[in-house]
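Undergrad: Have a look at this one before I ask anything.
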Amino acid sequence: MFYLLLILATASLVTSSVFSGQVWVSLAGTAWRRLGAIEQVIILAIAAVVAARVYADRTTVRPLMLGMESAGALASIYAILQYAGWDPLIPASVYTLGLPAAVRPPATLTQATYFATFLLGPISIAAWFRLRETSWRWKRAHEAVLCATIVALILSGTRAALVGLVAGACIFLYSERARFFKGRSLIRAGWIALTGAAVLMAFVLSPAGTPMRARIAQWTSDRAGGPRLLVWRDSLPLVAQHPLLGIGPERFEGEFRRVESLDLARAFPDYYHESPHNLFLEIAVGQGLIGLVAWVGLLGYGCWLGIACLRRGETEATPLCAALIAMLIALQFCPLTLTNELYVLPLSATLVALSAPKIAIEPRRAVPGRIVTASARAASVGLVFVAWAYAEQATLYDLTESRASKRDLAGAERSYEAAREFPMPGADLAVSQQVATIAQRSSPPVRVGALRLAEQAAEAAELNSADGFNGLYESAMLEVVSGNIHGAETKLREVVDAAPTWYRPRMALASVLWWERQNEEAEREADTALNCAGRMQANVRRTLQAARAQAALAAARVSR
């Protein structure tokens, strides 16, 4: 059954990608998380291998868990150092939010929410090894990992992960109730909990806890969890419009803008909705109901068999089942990422394999060994090539931005052209925005070349990214800078069609129409922009008034 569901999920991913409006976006994934069909099919294959390996040799479960625990330990140490202000890799501004500043360390997983969800597995595994280990040294080692991962999760300030942690702890305590609910063990656990709570309270109230207090203040002011509820509601029309195959993986950003409600646009006027922030809703939108059935089956089957293992007394199932359920709960409030999918699916696969009856595996092979070996080698070569292509493209984009920042536009153009040789979506919009900023500060000869490169990158962002509306808006702004008002109008109308409730393109279009003396339509667009602006309405009104006055002054000069 598990392998049939893997095949169905693979077929759903490939079919949804092929019939999506942007095949390479769906296949290769967006630049911000790279979770297209190619990556997900590879993870499905890894899950299949894990299930087969654990089924054939159950002693591989513990090394697998130790690997997960070690990864969590290393990431947690790095995150704690980030919170303390030491980070040689990532600028602190990336994970410092709000005023007063709330520091939310992401380790190397780009965002604190993704990182906290990732830690739920290592926490469960470290706790289980601490209970089962007989060596004093190893007990202390697992205790250290458990403390580091819990501290890092708390410092991340992620509510969804904390809810998942509580759910996982309930599963864990139920499974290990014979150990915990004894006289001494229960008293010891109570003292540990009280001590931990006291230490946490002291830390939060201390000067070092200032970022945590800022994050708690953000929680209290945002009890609804940001825009999630409205995003979930507005995502449902996409499922209704594409019920079987969905819109294709990784295409939510652009397609959602077309159906975003006025309520959501007003409440969060400048918010970028890259995902529904719900695992199963995201699958339903991207892959349709067929994909949803496959993924619910894969993950639900693992949970169901994991609970069956707990009832049967399979000791290794305790941390795996707790981790899987905890991560699934957290993923109902945050996007799925490559790393977390690489944990969730193998966790489910391992539980499925553990639930199977133990049988003796005969040494004979159903398929000749040479064929298996040759196929594995060919697949490995293909995977290495895919990994090289992604890494090389990312390197070329970084080189483009680095050369542009040094005013080496010729070199930037060469590296950018090389990056565009790869079909996968890349950081075109970021390149365009950076080069356009450089153009504004440069002499006329340099400015011309910089604008040309910025326009080229913006056009690529229009055509080869999930958020094509952002590329269109960037192109429109570059047309304004270049003095091509008619071209700007054309681009802005396309942006309005792609993002009807976004106030920025309507505000810009109203300004352009005033310059073209289409005053009646300009006023309509200005009113719509104000209607969509929400809390930004005062700023939008000032901008529109200034644009109207400038256009009127220019018209008066021409009439003279």
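Chain lettering (A, B, ...) mirrors the order of the structure tokens, residue numbering begins at 1 for each chain separately, and ligand numbering begins at 1 in order of display.
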Need the shell around range 118-125 of chain A: protein/DNA/RNA residues with any atom at most 8 Å away, counting only C-alpha atoms. Skip same-chain ones fewer than 3 positions apart. Format as JSON, numbers by chain?
TA: {"A": [65, 66, 68, 69, 70, 71, 72, 73, 114, 115, 128, 129, 145, 146, 149, 150, 153, 161, 164, 165, 168, 169, 172, 319, 320, 322, 323, 324, 326, 327, 339, 340, 343]}
Undergrad: Residues near range 504-517 of chain A, anyone? I mean within 9 Å using only C-alpha atoms, not counting same-chain ones fewer than 5 positions away, as a PyMOL selection string.
TA: chain A and resi 270+473+476-477+480+485-486+488-489+492-493+495-496+499+522-530+533+540+543-544+547-548+550-552+554-555
Undergrad: Please run DSSP on the backbone and report, as an NGL selection string, all residues within range 136-243 of chain A that come out as alpha helix (DSSP H).
TA: :A and (136-156 or 159-175 or 177-180 or 183-205 or 210-221 or 228-241)
Undergrad: In terms of the shortest atom-to-atom distance over only C-alpha atoms, which of A:Ile192, A:Leu453, A:Val352, A:Ala31 is closest to Ala52 in chain A?
TA: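 When distances to Ala52 in chain A are compared using only C-alpha atoms, the smallest one comes from A:Val352.
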Undergrad: Can you work out the spacing between CA of Val25 in chain A and CA of Gly248 in chain A in Å, to one decimal?
TA: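 These two atoms are separated by 8.7 Å.
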Undergrad: List as a PyMOL selection string the protein and nucleic acid residues near Thr350 in chain A, meaning an atom at most 9 Å away when only C-alpha atoms are counted, but skip any in the same chain fewer than 5 places from it.
TA: chain A and resi 47+50-55+61+302+306+317+320+345+355
Undergrad: Considering only C-alpha atoms, return as a PyMOL selection string whatever protein or nucleic-acid residues lie within 8 Å of Leu409 in chain A, sequence-local ones (same chain, fewer than 5 positions apart) excluded.
TA: chain A and resi 403-404+446+449-450
Undergrad: With only C-alpha atoms as the basis for distance, which of A:Trp32, A:Phe203, A:Phe422, A:Trp86 is at the shortest distance from Thr110 in chain A?
TA: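 Among A:Trp32, A:Phe203, A:Phe422, A:Trp86, it is A:Trp32 that comes nearest to Thr110 in chain A.
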Undergrad: Env of Ile90 in chain A: 10 Å cut, atoms = only C-alpha atoms, seq-sep filter 3 positions within chain, self excluded. Answer as an MDAnalysis selection string.
TA: chainID A and resid 82 86:87 93:95 106:108 110
